[in-house]
Structure formats: C-alpha cells, structure tokens
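Asker: One structure, pasted below without further comment.
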Amino acid sequence: MPRSAATLCLESALGAASRAALVTLVALGAFAALLTAAGKDPLKAYVDTIAYVFGNPYGFSELLVRMIPLLLTAVAVALPSRIGLINVGGEGQLYMGAWLTTAGALSLSDQPAYVLLPVLTLLGFVGGGLWALIAGVLRALRLVNETISTLLLNYVAPMIVGFFIFGPWRSPESASYPQSPAFVDAARLPSFFHTRVNAGLFYAFVCLLLYWLLMTRTRWGLEMRAIGGNPEAARQLGVPVFRIILIVMFLAGGVAGLAGMVEVTAIQGRLVSELSPGYGFIGFLVAWLAGTSAVGIVVMAFLFAVISSVGDILQITQGLPFAVVNILMAVILFIVLARRSVGSAAR
Amino acid sequence: MTHGPPLIEADGIVKRFGSLLANDVAHFDVRPGEVVSLLGENGAGKSTLAKILYGYYAADAGEIRVRGERVDISSPRDARALGIGMVFQTFTLIPALSVFENVALFQSDLPAVMRRGEILARMRHYADRFHLAADPWQPVRQLAVGEQQKVEILKQVLAGARVLILDEPTKVLAPQECEGLFRTIAELRAEGFGIVLITHKLREVLSSADRIAVMRQARIAGTFDRREATQENLLRLMFGGALVAPARRTSPPIHDGHGYALELREVSTLGGSGAMQLRDLSIAFRPGEIVGVAGVSGNGQRELGELILGLRRPHAGTKLLWGEDASRWSVATVREKGVASIPDDPLALACVPGLTVRENLALGTGVRYRAGLGVDWQALDGDMQRSFARLKFPRPNFEARAATLSGGNLQRVVLAREFAHAPKLIVALYPTRGLDARSTMTVRALLEDARDGDAAVLIVSEDLDELFAVSDRLLVLYRGAIAGEFGPRDFRAEAVGPLMVGTGDRADAA
C-alpha cells in the first residue's frame with residue numbers, strides 16, 4: 001500500500017511536469033508573438049529572465065521568496081478539491097490572515113519573539129481559516145456554492161484591510177501613504193543569508209508534507225477522498241460530511257492565511273494595501289495544473305515563480321508594466337481550460 | 001390475426017462487446033397481431049437484441065428483414081421510419097409539456113404549422129382504446145407512471161410504429177397499472193400490431209404472450225407456443241436446470257423474551273425537496289423476522305430506510321434501536337451499533353468508484369479498524385477475506401479500483417462489507433433491483449440466513465412476489481403512512497395491491 005501510493009505520487013508528479021512543459025512552451029510562444037507585435041523583443045526578455053533567475057544567487061533567492069505564497073495558496077486549493085470543493089478564495093484568505101496577524105503584531109508588540117511569532121502564525125492561520133469557514137458553512141448548509149462565495153469574499157477582504165490601514169491602523173509617520181505602522185523586530189519572521197528567503201519557506205513545505213500525509217496515511221484522508229469520489233455514498237456510510245466540509249475549509253483558508261502572515265511579517269514588515277499581486281489566483285492555477293499532487297504543486301509553483309520573474313524583467317529592461325505578465329498567465333489558464341474541455345469531450 | 005409475412009425478422013444476429021458475446025441469435029421474428037415475449041435473466045441478451053432491432057446498436061453480423069424486405073437499420077430514426085418503435089424503462093417524455101405536445105413532437109414529418117386537429121383526432125381514437133384517461137392538454141408530469149407509459153406507447157403508435165418493443169414495461173408499475181398495460185397490449189394485438197415484450201417475470205409471460213422466446217447466454221435457447229409453455233419448461237430453459245426455486249421457509253418462532261430491535265413510535269419526518277413526508281409511523285421489529293415493505297416507488301420507502309439508518313431525523317416521535325433512544329444518532333453510530341444497509345444501486349450509494357476495493361471495504365466500518373491516525377489494513381483484510389469466504393463469493397483483487405469491477409462484483413463487495421460483522425438489523429432497499437435471478441436468489445438467501453441468525457431484516461421491494469416469498473410480515477406504505485399490515489396468510493396481490501395505490505381501505509383488505 002505505501003509503495004503503490006508513492007509510485008502513484010511519482011507518476012502523477014511526472015505527468016504534471018510533462019503537462020507543465022507542454023503548456024509552458026505553447027504559452028511562451030503565444031506571449032512572444034504578442035510582445036513582438038508590441039514592438040518588444042521577447043527572446044531578449046526570456047534570455048534575460050533565465051540569466052537573472054539562474055545566473056545569480058539573488059535572482060534565485062527571489063524565486064524562492066515568490067514560491068512561498070504560491071505553495072501555500074496552492075495547498076489551500078488542493079485540500080478542498082479532494083472533497084470536491086473549489087476554493088477560489090485564496091486571495092481573500094491571504095488578506096484576512098495578514099489582517100489578523102497585523103492585529104496581533106500591533107497589540108502584542110511588547111512580547112518577545114519566541115512568544116510573538118508562534119502567536120502571529122496561529123493568528124494568520126485563524127484569520128484565513130475563519131474567512132474560508134464562512135464559505136464552508138454556507139456550502140455545508142447547502143445555501144451557497146463555495147466557488148461563488150469564496151470568489152466574492154476575495155473582493156471583501158482587501159476592503160477590510162483598506163478600512164483599517166486608512167483608519168484605525170494608519171501609520172502616523174507616513175501620512176501620505178496608507179499603511180500600518182512598522183512591526184517591531186520581534187514580530188518579524190526571520191530571513192536567511194542576507195536575502196528575503198525566510199522561514200515561510202519552511203511553513204510551506206511543512207504544510208505540503210502534512211497535506212500529503214493527511215491524504216495518503218490517515219483515515220481522514222480516506223474519508224475525504226470518499227466524499228470527493230461519491231458524496232452520497234460517503235453520507236450513507238456514515239462519513240461526517242458536514243463536519244469535514246467545515247474542517248477542510250477552515251484548514252485550507254488557514255494555510256492561505258499563513259501566506260498572508262508571511263507576507264506581512266517577513267516581506268513587508270507592516271500591513272499595506274497592495275499586499276498580494278494575485279498570489280491566491282496564481283496559487284489556484286498552480287494547484288489545478290498540479291492535479292492535487294504534492295510534488296506537482298512544488299513543480300508548478302517553481303514554474304509560476306519563474307514566469308512571474310518574466311514580469312520583473314520586462315519591467316526593468318523593456319519598460320513594460322509588471323502586469324503584462326498577467327497576459328502570459330491568462331494564456332496558460334486558457335490553454336489548460338481548453339485541454340480540460342477537450343479531454344472531457346473525448347471521454 | 002397472425003397472418004401475412006413477419007413484421008420483422010432477424011437472422012444470424014451476432015453482436016460482441018469486446019470479448020463478450022452479447023448476441024448470437026439464429027432467428028427471431030414477430031408477426032402481425034402477435035405478442036412475442038423475450039424471456040431471460042439479466043445479461044442473457046434480451047435488451048441487446050431489442051436495441052439492435054431498434055437501431056441503437058449495429059449488429060456485427062446478420063440480416064434484418066421488415067415485411068420480407070431486407071433493411072439496413074443503423075439508427076433509431078431508421079427503425080422508426082420502418083415502423084419499429086421501442087418503449088424504454090426510463091421514459092423519454094418531456095415532463096413540462098402536455099400529452100399532446102409530447103405526442104406531436106415525436107411525429108417524424110411534423111410540418112412547421114401543425115395540423116393539430118388531425119393529430120388530436122387520431123390521438124383521441126387510440127386514447128379511448130387504451131383507456132388513457134389523461135386530458136391531452138395536461139402536462140405529462142402530472143400523470144401517474146402507468147399513464148405516462150400509455151402516452152409513450154401512444155406516441156410510438158401515432159408515429160407509425162407497427163412493431164412495438166416494450167423493455168421490462170411492468171418494472172415501474174403497481175399491480176393495478178399492470179392490468180391496464182396488458183389491456184393496452186391486447187388492444188394493440190387485436191389491431192394487428194406486433195409486440196415484443198421483454199421481461200423476466202414468468203407469470204406475465206404465461207398470461208399474455210402468444211409465443212415465448214427464451215434467451216440464455218446470448219442465444220435463443222428455445223421458442224414455445226403459448227400452448228406448450230409451462231412454468232417448469234420455461235425455467236428449465238432459462239437456467240439450464242441449474243436453478244430450483246427454494247421452498248418458502250417456515251417462519252421461526254416468535255421470541256417472546258427479546259426486546260424489539262427497532263421501534264418507531266409515532267415518527268413523522270419533514271418532507272420537501274422531493275422527499276415524501278413520513279406520517280405517524282409506529283412499527284416494531286423483532287429480532288429474527290423479515291418485515292417486507294410494499295408500495296409503489298416514491299411513497300416513503302426510501303425515506304423510511306434513511307430514517308432507520310440515521311440519514312434522516314425524526315421531526316416528531318421517537319426511534320428506538322434495541323431499546324435505546326436513537327432519534328439523534330449519527331449514521332456512523334447507527335452502523336456501529338450493528339445496522340447494515342443494502343442499497344439498490346451499490347455504485348451510486350455504497351461505493352466510491354475512484355477508491356480501491358480495500359478502501360471501499362474500510363469505509364463505513366467506523367472505529368473498528370482505527371490504528372492511530374490511520375487504518376489497520378491487515379486486520380481489515382483478514383476480516384473481509386473471511387467475510388467473502390463465508391458468503392462463498394469469489395474474492396476480488398483488493399488493490400483494484402472499484403470502478404473496474406462489474407456491477408455484480410461490486411454488489412458482492414458491498415454485501416461482504418455489510419455482512420462482515422454479523423449485523424443485528426439489516427435495511428435492504430430494493431436489494432435485488434437490477435440483479436439477475438441467480439444473484440437475486442443469493443441475496444434473498446443471505447437475508448433469510450441473517451433472519452435465522454436472529455437479525456431483524458427490513459426489505460423494501462416493488463416486487464410483490466419477492467416480498468411474499470421472503471417476508472414474515474408485510475407492511476404497505478402509501479403516501480408516507482402505513483396503509484396496512486399483512487401476515488403470510490393474506491399474502492395475495494388482490495389484497496395488498498389496492499392499498500398500494502390508495503384505493504382500498506383496511507376493511508376491504510381484510
């Protein structure tokens with residue numbers, strides 16, 4: 001049993017990698033055509049990206065930094081997908097995790113780091129978890145589809161953050177720019193090797209490991225896969241479907257909330273309004289392409305971290321806004337969607 | 001009336017699905033004014049042959065002739081153009097449209113502007129003969145199942161069908177409705193239609209067919225004229241002499257000392273979202289008895305099963321299991337206390353196709369195989385292997401995905417799981433629906449063995465013959481309430497049937 005699970009995992013990871021390669025090639029081609037039409041040099045952009053990411057330690061460290069929220073938000077999508085729920089609310093859950101973390105960091109600023117950081121980690125988890133739980137409750141009661149509610153909650157969370165940084169938490173030092181006061185040093189998640197690579201990477205891999213263990217080694221994983229495979233049969237066999245929906249949505253939101261906690265405590269050092277350039281949505285793409293495999297999520301998060309570096313490069317060397325890279329990601333999304341629908345039609 | 005060339009003839013029909021030989025039929029024909037019954041157990045090839053005649057499948061080899069002329073039927077449209085119609089088990093009516101609209105929609109050469117009067121006149125003509133009471137403007141969804149079936153037949157007849165293939169038409173009907181169907185069939189026969197009646201119920205065949213073609217293992221094992229056919233020679237041909245209907249067992253003595261296994265005290269549930277409301281049910285089941293529940297589908301049988309299993313909570317009243325108040329117990333608790341469930345559709349209700357057989361066996365076993373955070377797979381394997389052996393089922397590969405198993409093997413996996421821990425109360429909802437005669441016998445024998453082992457058994461079925469054969473006591477559910485209770489002495493369709501459709505009352509039934 002363990003061996004077959006491992007083999008299965010490896011196979012799905014290899015499958016994910018080859019799928020990723022194909023999709024990336026097509027998407028890069030389409031994006032290159034677009035850049036050419038805009039009078040830019042796509043080949044230079046790609047070569048610059050490779051040189052930047054793999055040619056110097058700093059570039060590579062930034063890649064790892066970018067992978068952290070992608071890994072976490074991807075787990076937040078993969079986990080509910082195993083019980084057949086589609087969580088597109090990683091972005092909002094990230095914001096609420098960051099929000100509750102900030103509340104803790106500002107009010108407990110006199111605590112030492114060994115107390116404060118575990119508390120902030122917990123708050124980040126709870127903030128995202130409770131936010132996702134709203135959608136979980138609505139779904140479990142069969143009132144609102146979780147895809148709709150998580151998507152809409154994405155628009156609410158940044159407004160809550162905005163309200164606090166324009167209002168009660170507005171920093172007195174930066175009156176012109178809405179943001180919270182800087183966190184005390186004790187509230188900063190440690191970074192390593194004079195880069196921005198931080199303990200969040202450790203969080204991400206722990207979450208991935210726990211996710212994998214949960215699904216393959218525990219009876220809860222079995223029950224979750226039963227719900228995902230046939231909810232009616234699971235209900236008839238006494239699997240507590242209602243409770244599992246709530247727990248899974250809370251855990252998923254919590255993991256996305258950790259991404260927000262890492263952003264404010266390690267990267268920003270304060271709560272800001274443009275906290276995430278859509279990590280929650282990219283994480284959704286990552287999980288979807290990875291097909292819920294833990295190894296696949298790592299592969300895909302790496303790939304998407306590279307792709308978003310293309311955006312940085314275009315911004316620096318060719319004067320294009322970072323948002324241009326969204327076109328590339330959208331192209332990838334469309335290719336994936338097209339492949340899915342062709343696949344299901346053929347079946 | 002059986003004159004003229006056959007309306008349809010089939011010669012040398014061969015059909016394979018992969019390595020499975022589904023049809024190898026030397027000759028089959030239907031003449032005008034004749035009811036030909038295709039009899040055989042599930043999987044014998046009856047439906048395949050019918051679907052080839054209707055153009056749903058293409059035969060690998062063979063020839064089909066209509067009124068003596070060789071034809072090529074490659075789609076149901078071709079078949080309809082040649083006057084061949086088929087009524088499936090699941091109707092193809094559009095519930096929101098009226099009877100008239102459903103019939104008109106099916107006419108092959110419907111002009112842009114309908115000649116309503118003409119269609120209506122022809123409809124009325126046949127509606128009278130079929131005793132179809134429905135108003136042409138009534139939406140089909142308001143009709144009873146038997147009436148819908150008549151509309152389905154009417155639609156085929158008006159579209160020009162001369163041969164009508166009826167696939168297990170009585171399966172969905174209450175006994176009274178069956179009579180109506182056979183009256184309709186008799187009318188059609190008198191008008192010179194050819195009828196193919198697919199069924200596995202001997203009684204229907206013997207009372208209505210002119211000729212009986214018995215299918216076994218893809219072939220027509222023999223054809224009888226009505227005069228020569230007897231129950232015995234049909235059975236022998238169907239099963240090759242391998243099957244003898246078991247004699248009805250005598251009821252075990254009533255255990256006075258025992259408490260009730262299950263007791264419902266004036267239990268009502270909430271209806272809504274398609275569920276029938278159960279009203280004031282008071283029932284008590286003793287260990288060691290099989291209680292049958294008769295009723296037309298949708299009168300609360302499923303809800304009763306769900307109530308007992310804990311899938312549905314009582315809104316009023318009390319549910320007791322072995323004397324304990326179980327009204328609020330979860331499904332998991334109910335199962336842990338020794339309640340097993342045998343559903344009609346294991347693939348939909350008791351299995352997760354994407355999981356392995358072993359994982360499916362572990363589901364619903366509650367705390368029994370807990371080992372830390374995981375599952376004690378060794379203990380589970382041992383118990384389940386013993387269960388397969390005890391039931392004399394071949395043991396499937398536990399590593400295989402459930403989806404790769406055939407329906408019959410899947411049913412065995414469910415039975416092995418449910419019987420693995422000597423259940424004390426078994427809820428069997430239509431447990432033999434869709435099973436062939438052999439598997440049906442196995443399931444019934446299992447239920448009877450469990451009863452003899454002092455378990456209480458609740459069996460819900462639409463098949464009165466089945467209920468009469470296995471039950472020690474029979475309840476009739478009608479619109480969510482108990483319409484009557486019968487002992488073995490009163491097991492007669494004439495007595496039970498009227499209560500099932502709400503026309504009799506207790507006084508009449510007695």
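Residues are referred to by chain and number: the chain letter is A, B, ... according to the order shown in the structure tokens, the number counts from 1 in that chain, and ligands are numbered separately from 1 in the order shown.
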Name all residues at most 7 Å from Val310 (chain A) (count only C-alpha atoms; drop same-chain ones fewer than 5 positions away) and give them as a VMD selection string.
Answerer: chain A and resid 45 to 46 49 325
Asker: Would you output that residue set with C-alpha atoms, as a JSON list (two decimals), in the first residue's frame?
Answerer:
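Final output, saved to again_16.json:
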[["chain", "number", "residue", "atom", "x", "y", "z"],
["A", 45, "ALA", "CA", 13.16, 39.03, -22.29],
["A", 46, "TYR", "CA", 13.28, 35.26, -21.98],
["A", 49, "THR", "CA", 14.90, 36.06, -17.26],
["A", 325, "VAL", "CA", 2.89, 39.01, -17.14]]
Asker: Compute the set of chain B residues within 10 Å of chain A, using only C-alpha atoms, and express it as a PyMOL selection string.
Answerer: chain B and resi 306+309-311+330-336+340-341+343+346-355+359-360+362-366+369-377+399
Asker: Could the residues in this selection be written to a file with C-alpha atoms, as a tab-separated table (two decimals), in the first residue's frame?
Answerer:
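Final file, again.tsv:
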chain	number	residue	atom	x	y	z
B	306	GLU	CA	-33.00	6.75	5.59
B	309	LEU	CA	-30.10	4.45	9.05
B	310	GLY	CA	-29.88	7.91	10.61
B	311	LEU	CA	-29.67	9.76	7.31
B	330	SER	CA	-25.48	9.80	13.52
B	331	VAL	CA	-25.20	7.36	10.65
B	332	ALA	CA	-21.82	6.27	11.97
B	333	THR	CA	-23.26	5.46	15.40
B	334	VAL	CA	-26.22	3.60	13.93
B	335	ARG	CA	-23.86	1.48	11.85
B	336	GLU	CA	-21.52	0.84	14.76
B	340	ALA	CA	-26.24	-2.79	7.93
B	341	SER	CA	-27.55	-1.25	4.74
B	343	PRO	CA	-28.97	-0.33	-1.22
B	346	PRO	CA	-24.25	0.00	-4.92
B	347	LEU	CA	-22.28	2.09	-7.39
B	348	ALA	CA	-24.19	5.24	-6.55
B	349	LEU	CA	-24.98	4.72	-2.89
B	350	ALA	CA	-22.44	2.41	-1.28
B	351	CYS	CA	-19.18	2.64	-3.23
B	352	VAL	CA	-16.68	5.25	-4.24
B	353	PRO	CA	-15.61	4.22	-7.74
B	354	GLY	CA	-12.31	6.08	-7.63
B	355	LEU	CA	-11.10	4.29	-4.50
B	359	GLU	CA	-10.56	1.41	0.71
B	360	ASN	CA	-14.21	0.86	-0.06
B	362	ALA	CA	-12.84	0.24	5.05
B	363	LEU	CA	-15.47	2.94	4.56
B	364	GLY	CA	-18.35	2.81	6.97
B	365	THR	CA	-16.62	0.45	9.38
B	366	GLY	CA	-16.45	3.21	11.97
B	369	TYR	CA	-10.13	-0.62	12.24
B	370	ARG	CA	-8.72	2.54	13.71
B	371	ALA	CA	-4.98	2.41	14.26
B	372	GLY	CA	-3.62	5.71	15.47
B	373	LEU	CA	-4.46	8.25	12.80
B	374	GLY	CA	-4.67	5.61	10.12
B	375	VAL	CA	-6.38	2.33	9.34
B	376	ASP	CA	-5.33	-1.16	10.41
B	377	TRP	CA	-5.29	-2.59	6.90
B	399	GLU	CA	-5.98	-3.29	-4.91
Asker: Skipping near chain neighbours, those fewer than 4 positions away, what residues fall within 10 Å of Pro158 (chain A) using only C-alpha atoms, listed as a ChimeraX atom specification?
Answerer: /A:91-96,99,153-154,162-164,272-276
Asker: Restricting it to C-alpha atoms, dump the selection as a PDB file, in the first residue's frame.
Answerer:
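Result file result30.pdb:
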ATOM      1  CA  GLU A  91      -6.542  35.733  -2.264  1.00  0.00           C
ATOM      2  CA  GLY A  92      -9.120  36.868   0.268  1.00  0.00           C
ATOM      3  CA  GLN A  93      -7.987  34.292   2.806  1.00  0.00           C
ATOM      4  CA  LEU A  94      -4.421  35.558   2.393  1.00  0.00           C
ATOM      5  CA  TYR A  95      -5.558  39.108   3.112  1.00  0.00           C
ATOM      6  CA  MET A  96      -7.522  38.108   6.204  1.00  0.00           C
ATOM      7  CA  TRP A  99      -5.079  41.310   8.746  1.00  0.00           C
ATOM      8  CA  LEU A 153     -15.202  37.129  -0.493  1.00  0.00           C
ATOM      9  CA  ASN A 154     -11.983  37.917  -2.369  1.00  0.00           C
ATOM     10  CA  GLY A 162      -8.117  49.022   3.362  1.00  0.00           C
ATOM     11  CA  PHE A 163     -10.521  50.266   6.019  1.00  0.00           C
ATOM     12  CA  PHE A 164      -8.021  49.504   8.781  1.00  0.00           C
ATOM     13  CA  VAL A 272      -0.069  47.510   3.179  1.00  0.00           C
ATOM     14  CA  SER A 273      -2.965  47.744   0.765  1.00  0.00           C
ATOM     15  CA  GLU A 274      -1.403  46.065  -2.281  1.00  0.00           C
ATOM     16  CA  LEU A 275      -0.271  43.080  -0.277  1.00  0.00           C
ATOM     17  CA  SER A 276      -0.530  40.461  -2.986  1.00  0.00           C
TER      18      SER A 276
END
Asker: So that I can see what lies close to region 417-427 of chain B, please list as a list in words the residues with an atom at most 6 Å from it, counting only C-alpha atoms and leaving out residues fewer than 4 positions away in the same chain.
Answerer: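 With the cut-off at 6 Å, the set is Gly338, Val339, Ala340, Ser341, Leu361, Ser387, Ala455, Ala456, Val457 and Leu458 of chain B.
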Asker: Would you please work out which residue, of B:Arg265, B:Arg489, B:Arg451, B:Arg412, is nearest to Ser439 (chain B) when using only C-alpha atoms?
Answerer: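 For Ser439 (chain B), the nearest of the candidates is B:Arg412.
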Asker: For Leu93 (chain B), which residue among B:Gly407, B:Gly497, B:Pro76, B:Pro139 is the nearest when counting only C-alpha atoms?
Answerer: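 When distances to Leu93 (chain B) are compared using only C-alpha atoms, the smallest one comes from B:Pro139.
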Asker: Based on the backbone DSSP call, show me all residues of region 51-248 of chain A assigned helix (DSSP H, G or I), as a PyMOL selection string.
Answerer: chain A and resi 51-55+57-81+90-107+113-140+146-166+185-187+200-217+219-229+231-236+241-248
Asker: I'd like the neighbourhood of region 53-60 of chain A as a list in words, where a residue qualifies if any of its atoms comes within 8 Å (using only C-alpha atoms), though same-chain residues fewer than 6 positions away should be ignored.
Answerer: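 The contact residues come out as Thr195, Val306 and Ser309 of chain A.
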Asker: What's the 9 Å shell around Val443 (chain B), counting only C-alpha atoms, without same-chain residues fewer than 3 positions away, as a list in words?
Answerer: Leu415, Pro431, Thr432, Arg438, Ser439, Thr440, Leu446, Leu447 and Glu448 of chain B
Asker: Enumerate, as a PyMOL selection string, the complete set of residues in region 315-408 of chain B that a backbone-based DSSP assignment places in strand (DSSP E).
Answerer: chain B and resi 316-321+324-325+339-342+370-371+374-375
Asker: From the options A:Ala338, A:Val75, A:Val264, A:Leu328, which residue's atoms come nearest to Phe31 (chain A), counting only C-alpha atoms?
Answerer: A:Leu328
Asker: Could you name the residues that touch Gly128 (chain A) at 6 Å or less, counting only C-alpha atoms, but leaving out those on the same chain fewer than 3 positions away, as a PDB file with N, CA and C atoms, in the first residue's frame?
Answerer:
ATOM      1  N   GLN A  93      -8.444  34.958   1.583  1.00  0.00           N
ATOM      2  CA  GLN A  93      -7.987  34.292   2.806  1.00  0.00           C
ATOM      3  C   GLN A  93      -6.586  34.776   3.171  1.00  0.00           C
ATOM      4  N   MET A  96      -6.987  38.150   4.843  1.00  0.00           N
ATOM      5  CA  MET A  96      -7.522  38.108   6.204  1.00  0.00           C
ATOM      6  C   MET A  96      -6.506  37.518   7.180  1.00  0.00           C
ATOM      7  N   GLY A  97      -5.667  36.587   6.666  1.00  0.00           N
ATOM      8  CA  GLY A  97      -4.587  36.085   7.511  1.00  0.00           C
ATOM      9  C   GLY A  97      -3.637  37.205   7.872  1.00  0.00           C
ATOM     10  N   PHE A 125      -3.153  31.904  10.620  1.00  0.00           N
ATOM     11  CA  PHE A 125      -3.897  30.704  10.234  1.00  0.00           C
ATOM     12  C   PHE A 125      -5.381  30.882  10.530  1.00  0.00           C
ATOM     13  N   TRP A 131     -12.164  33.092   7.590  1.00  0.00           N
ATOM     14  CA  TRP A 131     -12.686  33.696   6.351  1.00  0.00           C
ATOM     15  C   TRP A 131     -13.203  32.608   5.407  1.00  0.00           C
ATOM     16  N   GLY A 253      -8.313  27.595   4.314  1.00  0.00           N
ATOM     17  CA  GLY A 253      -8.217  29.040   4.498  1.00  0.00           C
ATOM     18  C   GLY A 253      -7.051  29.393   5.409  1.00  0.00           C
ATOM     19  N   GLY A 254      -6.831  28.543   6.413  1.00  0.00           N
ATOM     20  CA  GLY A 254      -5.728  28.774   7.330  1.00  0.00           C
ATOM     21  C   GLY A 254      -4.387  28.755   6.627  1.00  0.00           C
ATOM     22  N   GLY A 257      -4.054  31.787   4.774  1.00  0.00           N
ATOM     23  CA  GLY A 257      -3.815  32.858   5.743  1.00  0.00           C
ATOM     24  C   GLY A 257      -2.355  32.921   6.158  1.00  0.00           C
TER      25      GLY A 257
END
